[in-house]
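Shown next: run_19.cif, given as mmCIF, C-alpha atoms and all ligand atoms.
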data_upload
loop_
_atom_site.label_atom_id
_atom_site.label_comp_id
_atom_site.auth_asym_id
_atom_site.auth_seq_id
_atom_site.Cartn_x
_atom_site.Cartn_y
_atom_site.Cartn_z
CA MET A 171 6.43 0.50 -6.33
CA SER A 172 2.99 0.78 -4.87
CA ALA A 173 2.53 2.88 -1.74
CA GLU A 174 3.78 6.37 -1.11
CA PRO A 175 7.35 6.20 0.18
CA VAL A 176 8.05 7.08 3.80
CA ILE A 177 10.80 9.41 2.69
CA GLU A 178 11.74 10.77 -0.69
CA ALA A 179 14.53 13.03 -1.89
CA ARG A 180 14.30 14.99 -5.10
CA ALA A 181 17.38 16.57 -6.67
CA LEU A 182 18.88 16.82 -3.19
CA ARG A 183 22.15 18.73 -2.90
CA LYS A 184 24.43 19.54 0.00
CA SER A 185 27.57 21.59 -0.53
CA PHE A 186 30.13 22.75 1.97
CA PRO A 187 32.23 25.86 1.57
CA ALA A 188 35.69 25.01 0.27
CA ARG A 189 38.74 26.90 -0.88
CA GLY A 190 37.95 28.38 -4.27
CA GLY A 191 34.30 27.34 -4.33
CA ALA A 192 32.01 24.65 -3.04
CA LEU A 193 32.57 21.02 -2.15
CA LYS A 194 29.57 19.23 -3.58
CA ALA A 195 29.28 16.36 -1.12
CA VAL A 196 25.78 15.42 -2.31
CA ASP A 197 25.22 16.60 -5.83
CA GLY A 198 21.65 15.95 -6.90
CA ILE A 199 20.28 12.65 -5.67
CA ASP A 200 16.81 11.21 -6.03
CA LEU A 201 15.75 8.37 -3.83
CA ALA A 202 12.67 6.96 -2.17
CA ILE A 203 12.35 4.44 0.64
CA GLN A 204 9.12 2.55 1.30
CA ALA A 205 7.91 1.23 4.64
CA GLY A 206 9.54 -2.15 5.20
CA GLU A 207 12.38 -1.46 2.79
CA VAL A 208 16.10 -1.33 3.56
CA LEU A 209 17.94 0.79 1.03
CA GLY A 210 21.68 0.17 1.10
CA LEU A 211 23.81 3.18 0.22
CA VAL A 212 27.28 2.05 -0.76
CA GLY A 213 30.39 3.78 -2.04
CA GLU A 214 34.00 4.49 -1.17
CA SER A 215 35.02 6.79 1.64
CA GLY A 216 34.24 10.38 0.69
CA SER A 217 31.47 9.52 -1.76
CA GLY A 218 28.92 11.46 0.30
CA LYS A 219 26.98 8.70 2.06
CA THR A 220 26.99 10.22 5.53
CA THR A 221 26.22 13.68 4.18
CA ALA A 222 23.26 12.21 2.28
CA GLY A 223 21.95 10.53 5.45
CA MET A 224 22.44 13.62 7.60
CA THR A 225 20.78 15.85 5.02
CA LEU A 226 17.80 13.51 4.73
CA LEU A 227 17.45 13.78 8.50
CA GLN A 228 17.70 17.59 8.35
CA LEU A 229 20.83 17.44 10.48
CA HIS A 230 22.38 19.32 7.55
CA GLU A 231 20.29 21.93 5.84
CA PRO A 232 19.95 21.00 2.15
CA THR A 233 21.66 23.38 -0.27
CA SER A 234 18.84 22.72 -2.73
CA GLY A 235 16.31 20.10 -3.67
CA GLU A 236 13.44 18.71 -1.70
CA ILE A 237 12.72 16.10 0.95
CA LEU A 238 9.21 14.72 1.36
CA PHE A 239 8.07 12.77 4.38
CA GLN A 240 4.93 10.68 4.53
CA GLY A 241 2.20 12.40 6.52
CA ILE A 242 4.09 15.68 6.58
CA GLY A 243 4.83 16.54 2.96
CA SER A 244 7.71 18.73 1.92
CA LEU A 245 10.19 19.68 4.63
CA LYS A 246 11.28 22.72 2.67
CA GLY A 247 10.79 25.79 4.82
CA ALA A 248 9.10 23.65 7.49
CA ASN A 249 8.29 25.42 10.75
CA ARG A 250 9.59 24.33 14.15
CA ARG A 251 6.55 22.26 14.99
CA THR A 252 6.77 20.33 11.76
CA LEU A 253 10.46 19.71 12.30
CA VAL A 254 9.84 18.39 15.83
CA ALA A 255 7.21 16.01 14.43
CA PHE A 256 9.66 14.92 11.74
CA ARG A 257 12.58 14.44 14.17
CA ARG A 258 10.47 12.18 16.31
CA GLN A 259 9.90 9.91 13.33
CA ALA A 260 13.39 9.99 11.83
CA GLN A 261 16.38 8.71 13.78
CA ILE A 262 20.00 7.71 13.26
CA VAL A 263 22.40 5.08 14.55
CA PHE A 264 26.03 6.15 14.17
CA GLN A 265 29.15 4.14 13.51
CA ASN A 266 30.82 4.68 16.86
CA PRO A 267 28.73 3.72 19.89
CA TYR A 268 31.50 4.92 22.22
CA GLU A 269 31.01 8.46 20.94
CA ALA A 270 27.25 8.25 20.68
CA LEU A 271 26.72 7.75 24.42
CA ASN A 272 27.69 10.02 27.30
CA PRO A 273 30.12 8.10 29.57
CA ARG A 274 28.64 9.77 32.66
CA GLU A 275 25.07 8.70 31.94
CA THR A 276 23.51 5.36 32.76
CA VAL A 277 21.68 3.41 30.07
CA GLU A 278 18.39 4.54 31.63
CA GLN A 279 19.38 8.22 31.50
CA ALA A 280 20.50 7.90 27.90
CA LEU A 281 17.29 6.19 26.87
CA ARG A 282 14.92 8.40 28.83
CA GLU A 283 16.25 11.59 27.27
CA PRO A 284 14.36 11.47 23.95
CA LEU A 285 11.29 10.05 25.69
CA ILE A 286 11.19 12.90 28.21
CA ILE A 287 11.27 15.39 25.35
CA HIS A 288 8.44 13.72 23.46
CA PHE A 289 6.39 12.27 26.34
CA PRO A 290 6.94 14.82 29.12
CA GLY A 291 5.51 13.93 32.51
CA ASP A 292 4.28 10.46 31.56
CA LYS A 293 6.81 8.30 33.40
CA ASP A 294 4.92 5.05 32.88
CA ALA A 295 4.78 5.55 29.12
CA GLN A 296 8.46 6.48 29.11
CA ARG A 297 9.42 3.33 31.01
CA GLU A 298 7.27 1.06 28.89
CA LYS A 299 8.65 2.45 25.65
CA MET A 300 12.20 2.31 26.98
CA LEU A 301 11.96 -1.34 27.99
CA ARG A 302 10.24 -2.33 24.77
CA ALA A 303 12.93 -0.62 22.69
CA MET A 304 15.67 -2.37 24.68
CA GLU A 305 14.08 -5.75 24.13
CA ARG A 306 13.71 -5.04 20.42
CA ALA A 307 17.38 -4.13 20.36
CA GLY A 308 18.24 -7.47 21.96
CA LEU A 309 19.08 -6.19 25.47
CA ILE A 310 17.36 -8.93 27.44
CA PRO A 311 16.33 -8.83 30.22
CA ALA A 312 16.14 -5.07 29.73
CA GLU A 313 15.97 -4.18 33.45
CA THR A 314 19.45 -5.57 34.09
CA TYR A 315 21.01 -2.94 31.82
CA LEU A 316 19.28 0.18 33.16
CA SER A 317 21.76 1.20 35.86
CA ARG A 318 24.88 0.36 33.90
CA TYR A 319 27.34 2.90 32.52
CA PRO A 320 28.85 2.70 29.03
CA HIS A 321 32.24 1.49 30.34
CA GLN A 322 30.48 -1.53 31.86
CA LEU A 323 29.20 -2.67 28.45
CA SER A 324 30.84 -4.33 25.46
CA GLY A 325 30.96 -2.60 22.06
CA GLY A 326 28.08 -4.73 20.81
CA GLN A 327 25.96 -4.00 23.88
CA LEU A 328 26.71 -0.29 23.55
CA GLN A 329 25.59 -0.29 19.93
CA ARG A 330 22.41 -2.05 21.01
CA VAL A 331 21.81 0.73 23.56
CA ALA A 332 22.34 3.34 20.83
CA ILE A 333 19.91 1.39 18.63
CA ALA A 334 17.36 1.16 21.46
CA ARG A 335 17.59 4.92 21.90
CA ALA A 336 17.06 5.48 18.19
CA ILE A 337 13.98 3.25 18.03
CA ALA A 338 12.46 4.22 21.39
CA LEU A 339 10.18 6.75 19.72
CA GLU A 340 9.19 4.16 17.12
CA PRO A 341 10.49 6.16 14.17
CA ARG A 342 9.27 5.40 10.67
CA PHE A 343 12.62 6.27 9.14
CA LEU A 344 15.95 5.02 10.46
CA VAL A 345 19.42 5.82 9.16
CA ALA A 346 22.07 3.28 10.17
CA ASP A 347 25.46 4.76 9.22
CA GLU A 348 28.11 2.01 9.19
CA PRO A 349 26.50 0.53 12.33
CA VAL A 350 28.80 -2.48 12.55
CA SER A 351 32.10 -1.34 11.10
CA MET A 352 33.61 -0.64 14.54
CA LEU A 353 32.35 -3.87 16.04
CA ASP A 354 33.93 -7.26 16.32
CA VAL A 355 33.20 -9.40 13.25
CA SER A 356 31.59 -12.09 15.42
CA ILE A 357 28.79 -9.80 16.60
CA ARG A 358 28.07 -7.95 13.36
CA ALA A 359 25.45 -10.37 12.02
CA GLY A 360 23.34 -10.01 15.16
CA ILE A 361 23.18 -6.23 14.82
CA LEU A 362 22.48 -6.41 11.08
CA ASN A 363 19.65 -8.85 11.75
CA LEU A 364 18.06 -6.30 14.04
CA ILE A 365 18.15 -3.67 11.33
CA ARG A 366 16.57 -6.00 8.83
CA ARG A 367 13.86 -6.92 11.31
CA PHE A 368 13.04 -3.28 12.07
CA ALA A 369 12.10 -2.97 8.43
CA SER A 370 10.30 -6.28 7.99
CA GLU A 371 8.50 -6.44 11.34
CA LEU A 372 8.14 -2.82 12.41
CA LYS A 373 7.71 -1.55 8.84
CA MET A 374 10.36 1.12 9.15
CA ALA A 375 12.02 2.63 6.09
CA VAL A 376 15.74 2.11 6.64
CA LEU A 377 18.75 3.72 4.99
CA TYR A 378 21.69 1.39 5.64
CA ILE A 379 24.97 3.13 4.86
CA SER A 380 28.09 1.07 4.35
CA HIS A 381 31.24 0.96 2.27
CA ASP A 382 31.08 -2.82 2.58
CA LEU A 383 29.02 -4.52 -0.11
CA SER A 384 29.46 -7.93 1.45
CA THR A 385 26.95 -7.12 4.23
CA MET A 386 24.36 -5.80 1.83
CA ARG A 387 22.91 -9.00 0.38
CA HIS A 388 21.76 -10.06 3.82
CA VAL A 389 20.35 -6.72 4.93
CA CYS A 390 19.06 -4.73 1.96
CA SER A 391 16.15 -4.99 -0.40
CA THR A 392 17.54 -2.27 -2.67
CA ILE A 393 21.03 -0.91 -3.24
CA ALA A 394 22.09 2.55 -4.40
CA VAL A 395 25.72 2.94 -5.41
CA MET A 396 27.11 6.42 -4.76
CA TYR A 397 30.15 8.01 -6.33
CA LEU A 398 31.30 11.58 -5.65
CA GLY A 399 27.92 12.86 -4.58
CA ARG A 400 25.78 11.08 -7.16
CA ILE A 401 23.89 7.83 -7.33
CA VAL A 402 25.36 5.96 -10.30
CA GLU A 403 23.32 2.78 -10.07
CA GLU A 404 20.27 1.60 -8.18
CA GLY A 405 18.16 -1.52 -8.15
CA PRO A 406 17.15 -4.70 -6.28
CA ALA A 407 20.02 -5.83 -4.06
CA GLU A 408 20.57 -9.25 -5.60
CA GLN A 409 20.57 -7.83 -9.14
CA ILE A 410 23.15 -5.18 -8.28
CA LEU A 411 25.34 -7.72 -6.51
CA ASP A 412 25.03 -10.46 -9.14
CA ALA A 413 25.05 -8.36 -12.29
CA PRO A 414 26.15 -4.76 -11.72
CA LEU A 415 25.88 -2.55 -14.80
CA HIS A 416 27.85 0.58 -13.95
CA PRO A 417 31.65 0.15 -14.20
CA TYR A 418 32.05 1.62 -10.69
CA ALA A 419 29.49 -0.81 -9.26
CA GLN A 420 31.23 -3.62 -11.15
CA ALA A 421 34.55 -2.66 -9.58
CA LEU A 422 33.06 -2.55 -6.07
CA VAL A 423 31.46 -5.95 -6.54
CA ALA A 424 34.67 -7.40 -8.02
CA ALA A 425 36.59 -6.19 -4.98
CA VAL A 426 34.47 -8.18 -2.55
CA PRO A 427 36.17 -11.49 -1.83
CA MET A 428 34.08 -14.68 -2.01
CA MET A 429 30.73 -13.05 -2.25
CA GLY A 430 29.12 -16.19 -3.51
CA GLY A 431 27.12 -14.37 -6.15
CA ARG A 432 25.61 -16.29 -9.01
CA GLY A 433 26.70 -15.67 -12.56
CA LYS A 434 30.02 -14.55 -13.90
CA ARG A 435 31.84 -11.97 -11.88
CA PRO A 436 32.93 -8.97 -13.95
CA ARG A 437 36.64 -8.33 -13.88
CA VAL A 438 37.05 -4.62 -13.39
CA GLN A 439 39.93 -3.03 -11.56
CA LEU A 440 39.48 0.29 -9.81
CA ALA A 441 42.49 2.47 -10.58
CA GLY A 442 43.62 5.37 -8.41
CA ALA A 443 41.84 7.05 -5.53
CA ILE A 444 38.53 8.85 -5.36
CA PRO A 445 39.13 12.52 -6.31
CA ASN A 446 38.36 15.39 -3.97
CA ALA A 447 34.69 16.37 -4.17
CA ALA A 448 35.79 20.02 -4.40
CA GLU A 449 37.41 19.28 -7.78
CA LEU A 450 34.92 17.19 -9.70
CA PRO A 451 36.15 15.83 -13.06
CA PRO A 452 34.17 17.12 -16.07
CA GLY A 453 31.78 14.85 -17.96
CA CYS A 454 31.30 11.56 -16.15
CA ARG A 455 32.92 12.13 -12.78
CA PHE A 456 34.13 8.54 -12.79
CA HIS A 457 35.94 8.81 -16.13
CA PRO A 458 39.53 9.27 -14.81
CA ARG A 459 39.25 5.87 -13.13
CA CYS A 460 36.94 4.06 -15.52
CA PRO A 461 38.41 1.22 -17.58
CA LYS A 462 35.60 1.58 -20.12
CA ALA A 463 35.74 5.36 -20.62
CA PHE A 464 35.44 6.69 -24.17
CA ALA A 465 35.47 10.15 -25.72
CA ARG A 466 31.93 11.15 -24.76
CA CYS A 467 32.61 10.35 -21.10
CA ARG A 468 35.01 13.28 -20.81
CA GLU A 469 32.46 15.75 -22.14
CA ALA A 470 28.92 14.91 -21.10
CA GLU A 471 27.64 13.97 -17.67
CA PRO A 472 25.55 10.78 -17.84
CA GLN A 473 22.10 10.99 -16.28
CA LEU A 474 20.50 8.29 -14.17
CA ARG A 475 18.08 6.48 -16.47
CA SER A 476 15.84 3.45 -16.14
CA ILE A 477 16.96 0.07 -17.44
CA GLY A 478 13.96 -2.21 -17.29
CA GLU A 479 11.41 -1.73 -14.55
CA THR A 480 13.52 -1.82 -11.46
CA ARG A 481 17.00 -0.55 -12.27
CA ARG A 482 18.57 2.82 -12.91
CA VAL A 483 22.08 3.50 -14.13
CA ALA A 484 24.06 6.64 -15.02
CA CYS A 485 26.59 5.63 -17.68
CA HIS A 486 26.95 6.41 -21.38
CA LEU A 487 27.38 2.70 -22.12
CA TYR A 488 23.63 2.39 -21.61
CA ASP A 489 22.45 5.58 -23.36
N1 LIG B 501 30.86 19.06 7.73
C1 LIG B 501 31.60 19.04 6.63
N2 LIG B 501 32.30 20.14 6.21
C2 LIG B 501 33.03 20.13 5.08
N3 LIG B 501 33.17 19.04 4.29
C3 LIG B 501 32.52 17.91 4.65
C4 LIG B 501 31.72 17.85 5.83
N4 LIG B 501 31.20 16.60 5.93
C5 LIG B 501 31.65 15.92 4.86
N5 LIG B 501 32.46 16.71 4.09
C6 LIG B 501 33.09 16.30 2.83
O1 LIG B 501 32.09 15.81 1.98
C7 LIG B 501 32.54 14.69 1.24
C8 LIG B 501 31.65 13.49 1.53
O2 LIG B 501 31.87 13.11 2.88
P1 LIG B 501 30.99 12.01 3.62
O3 LIG B 501 31.44 11.97 5.03
O4 LIG B 501 29.55 12.29 3.37
O5 LIG B 501 31.41 10.70 2.84
P2 LIG B 501 31.14 9.17 3.22
O6 LIG B 501 30.73 8.51 1.95
O7 LIG B 501 30.23 9.07 4.37
O8 LIG B 501 32.59 8.66 3.60
P3 LIG B 501 33.06 7.59 4.73
O9 LIG B 501 32.89 6.22 4.10
O10 LIG B 501 34.49 7.93 4.95
O11 LIG B 501 32.23 7.77 5.94
C9 LIG B 501 34.00 14.49 1.63
O12 LIG B 501 34.79 15.15 0.68
C10 LIG B 501 34.09 15.17 2.98
O13 LIG B 501 35.38 15.65 3.23
S1 LIG B 502 29.96 7.12 -18.58
FE1 LIG B 502 31.90 6.45 -19.41
S2 LIG B 502 33.42 6.94 -17.81
FE2 LIG B 502 31.40 7.02 -16.88
S3 LIG B 502 31.13 5.00 -16.02
FE3 LIG B 502 30.20 4.96 -18.06
S4 LIG B 502 31.82 4.24 -19.41
FE4 LIG B 502 32.81 4.84 -17.50
MG MG B 503 30.42 8.26 6.29
#
Would it be possible to restate this file's structure as C-alpha cells?
Amino acid sequence: MSAEPVIEARALRKSFPARGGALKAVDGIDLAIQAGEVLGLVGESGSGKTTAGMTLLQLHEPTSGEILFQGIGSLKGANRRTLVAFRRQAQIVFQNPYEALNPRETVEQALREPLIIHFPGDKDAQREKMLRAMERAGLIPAETYLSRYPHQLSGGQLQRVAIARAIALEPRFLVADEPVSMLDVSIRAGILNLIRRFASELKMAVLYISHDLSTMRHVCSTIAVMYLGRIVEEGPAEQILDAPLHPYAQALVAAVPMMGGRGKRPRVQLAGAIPNAAELPPGCRFHPRCPKAFARCREAEPQLRSIGETRRVACHLYD
C-alpha cells in the first residue's frame, strides 16, 4: 500500500442499547480504502455490514475508535464545519431505490437538493454537475429524465438516479450498500460496472457491501469478510475467492454455486444460524458453527494477523 488511504477506521466500534447490555454490531474493525480501490464487505445478514458503512459515514456516531479522512484527519470530535466538508465527500447508495427517492419529487428536484446545499445560488454549476452525474450514472440523454417522477422509472433507472445523486458532489468516498440486490438480475451487471468505474476512472474509494460473494470478483479489488461485528479475513479479492483461509470465509465461498474459481474448492458446511450480536459466544465468536473448532477456540478470541504481505486472518489455525 503506497498512498495515504482516503478513509481509514481504527478499532471502530458501534453498539446499540439492548436488553441486558449492548448489542455490539461493529466490534472493533480496522480498515483502509485507497483512492481507486473497491473494498467488498461481505458477510451474512446481521454481521454488521450496514452498521459499519453508516458509522464510517458518521450517520451513526461511533461508540469508540477513530475514523480518519484524507485531507481532514480524525473525525473524532469534529466540529460542524468539518462534518459538512466530510459529508460532501462521503456519500451512500442504499439497497432500495424506491425508498431512497421521494415519490413527489422529480428527478431534477431530487438531484438538485444536495447541489443547492453545497453550491447555493450558482444555478449553472448545479445544472452542469447534475447532468454530468446523470451521464456518469448511465442516464443518457440526461435531459430526458429531469421532469420524470419515480413512478415513471424502472427499478434500474431509479437506482441510477440514486447513484447520480450520490456522485453529484463528486465524493471521494462512496458506500454502496447492497446496491443491486433489489434489482432484476438482468440489470445488475450494468450497475456494478458503474461502481467499478467510479473507482477506476474517478478514483473514488468505494465500500461495496453485499452478502453475495458471487458479485465480488467482478467489482472488488479487496474483500473483507465480516462475522458478528468483526473482520475475520481480508485480502485481494481473487485470493479470498480462490483460496479463503478462515473457515467462515471458506464456508461462504463454498456456498456460492458455480463461481468458476481456480484451484480446489474447500468443502466446508456452515451449520446453524448466525447468533444474536447481543449474545456473543466467548472465545472465537464463530466457534459454535465452526467445523474446525478446537479447545482453544472456546477460550481465546483470535486476533486479525497478517499472513504474507497482503492478507489478514483472525483464526487460531494460523496462530
Ligand atoms: N439502529 C439499530 N438499532 C439497534 N440494533 C441495530 C440497529 N441497526 C442494526 N442493528 C443490529 O446490529 C446488527 C448488525 O446489523 P446490520 O444491519 O449492520 O447487519 P448487516 O450485515 O447489514 O445485515 P443485512 O445483510 O441483513 O443487511 C444486527 O443484530 C441488527 O439487528
Ligand atoms: S479460531 Fe477456531 S473456531 Fe474460530 S474460525 Fe478458527 S478454527 Fe474455527
Ligand atoms: Mg445491511
* Closest of A:Arg459, A:Lys219, A:Arg466, A:Arg180 to ligand MG 503 (chain B) - atom-to-atom distances counting only C-alpha atoms and all ligand atoms ->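 Looking at the shortest contact to ligand MG 503 (chain B), the residue is A:Lys219.
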* Give the answer as one residue: which of A:Gly442, A:Gly308, A:Gly360, A:Gly210 has the shortest atom-to-atom distance to Ile393 (chain A), using only C-alpha atoms? => A:Gly210
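Picture a line from CA of Gly405 (chain A) to CA of Arg482 (chain A); it runs 6.5 Å.
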Might I get the box with edges along x, y and z of the file that holds all atoms of region 341-347 of chain A listed there, padded by 4 Å on every side, given as centre and edge lengths in Å to one decimal, as JSON?
{"center_x": 17.4, "center_y": 4.8, "center_z": 11.7, "size_x": 24.2, "size_y": 11.0, "size_z": 13.0}
* Find the residues near Leu398 (chain A): any atom within 12 Å, counting all atoms listed in the file, skip ones fewer than 4 places away on the same chain, and give them as a PyMOL selection string. => chain A and resi 183-185+193-199+212-219+221-222+402+418+443-451+454-457
* To do: Kindly provide, as a list in words, all nucleotide and amino acid residues lying within 7 Å of ligand LIG 502 (chain B), counting only C-alpha atoms and all ligand atoms.
  =>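 Checked against 7 Å with only C-alpha atoms and all ligand atoms; the hits are His416, Pro417, Tyr418, Cys454, Arg455, Phe456, His457, Cys460, Pro461, Lys462, Ala463, Phe464, Cys467, Pro472, Ala484, Cys485, His486 and Leu487 of chain A.
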Which neighbours of Gly247 (chain A) fall inside 12 Å, counting all atoms listed in the file, when residues of the same chain fewer than 6 positions from it are skipped, and could you give them as a CSV table (one decimal) with C-alpha atoms, in the coordinates of the input?
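Printed below is selection_19.csv as written:
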chain,number,residue,atom,x,y,z
A,228,GLN,CA,17.7,17.6,8.4
A,231,GLU,CA,20.3,21.9,5.8
A,232,PRO,CA,20.0,21.0,2.2
A,234,SER,CA,18.8,22.7,-2.7
A,235,GLY,CA,16.3,20.1,-3.7
A,236,GLU,CA,13.4,18.7,-1.7
A,237,ILE,CA,12.7,16.1,1.0
A,238,LEU,CA,9.2,14.7,1.4
A,253,LEU,CA,10.5,19.7,12.3
* To do: May I have the residues at most 12 Å from (10.0, 0.6, 31.9) in the file's coordinates, counting all atoms listed in the file, as number ranges by chain?
  => A: 278, 281-282, 285, 292-305, 311-316, 338
* **Option closest in space to ligand LIG 501 (chain B), from A:Ile379, A:Ala470, A:Ala369, A:Val277 [counting all atoms listed in the file]** =>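 The closest residue to ligand LIG 501 (chain B) is A:Ile379.
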* Which residue gives the smallest distance to ligand MG 503 (chain B) among A:Leu362, A:Ala407, A:Leu372, A:Val263, with all atoms listed in the file counted? ->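 Among A:Leu362, A:Ala407, A:Leu372, A:Val263, it is A:Val263 that comes nearest to ligand MG 503 (chain B).
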* **Coordinates-based distance that separates CA of Val426 (chain A) from CA of Val376 (chain A) (Å, one decimal)** => 23.3 Å
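Counting only C-alpha atoms, the residue from A:Arg318, A:Arg342, A:Arg306, A:Arg358 that sits nearest to Leu377 (chain A) is A:Arg342.
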* Please, which residues are within 10 Å of (5.5, 13.0, 6.6) by the file's coordinates, counting all atoms listed in the file, and could they come as a ChimeraX atom specification? -> /A:175-178,237-245,252,255-256,259-260,342
* To do: Identify which of the residues A:Arg400, A:Arg475, A:His321, A:His381 lies closest to ligand MG 503 (chain B), counting all atoms listed in the file when measuring atom-to-atom distances.
  =>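 The closest residue to ligand MG 503 (chain B) is A:His381.
Taking CA of Ala270 (chain A) and CA of Ile287 (chain A) as the two end points, the separation is 18.1 Å.
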* Long-range neighbours of Pro273 (chain A) as a ChimeraX atom specification, 10 Å cut-off, only C-alpha atoms, 5 positions minimum in chain -> /A:268,280,319-322
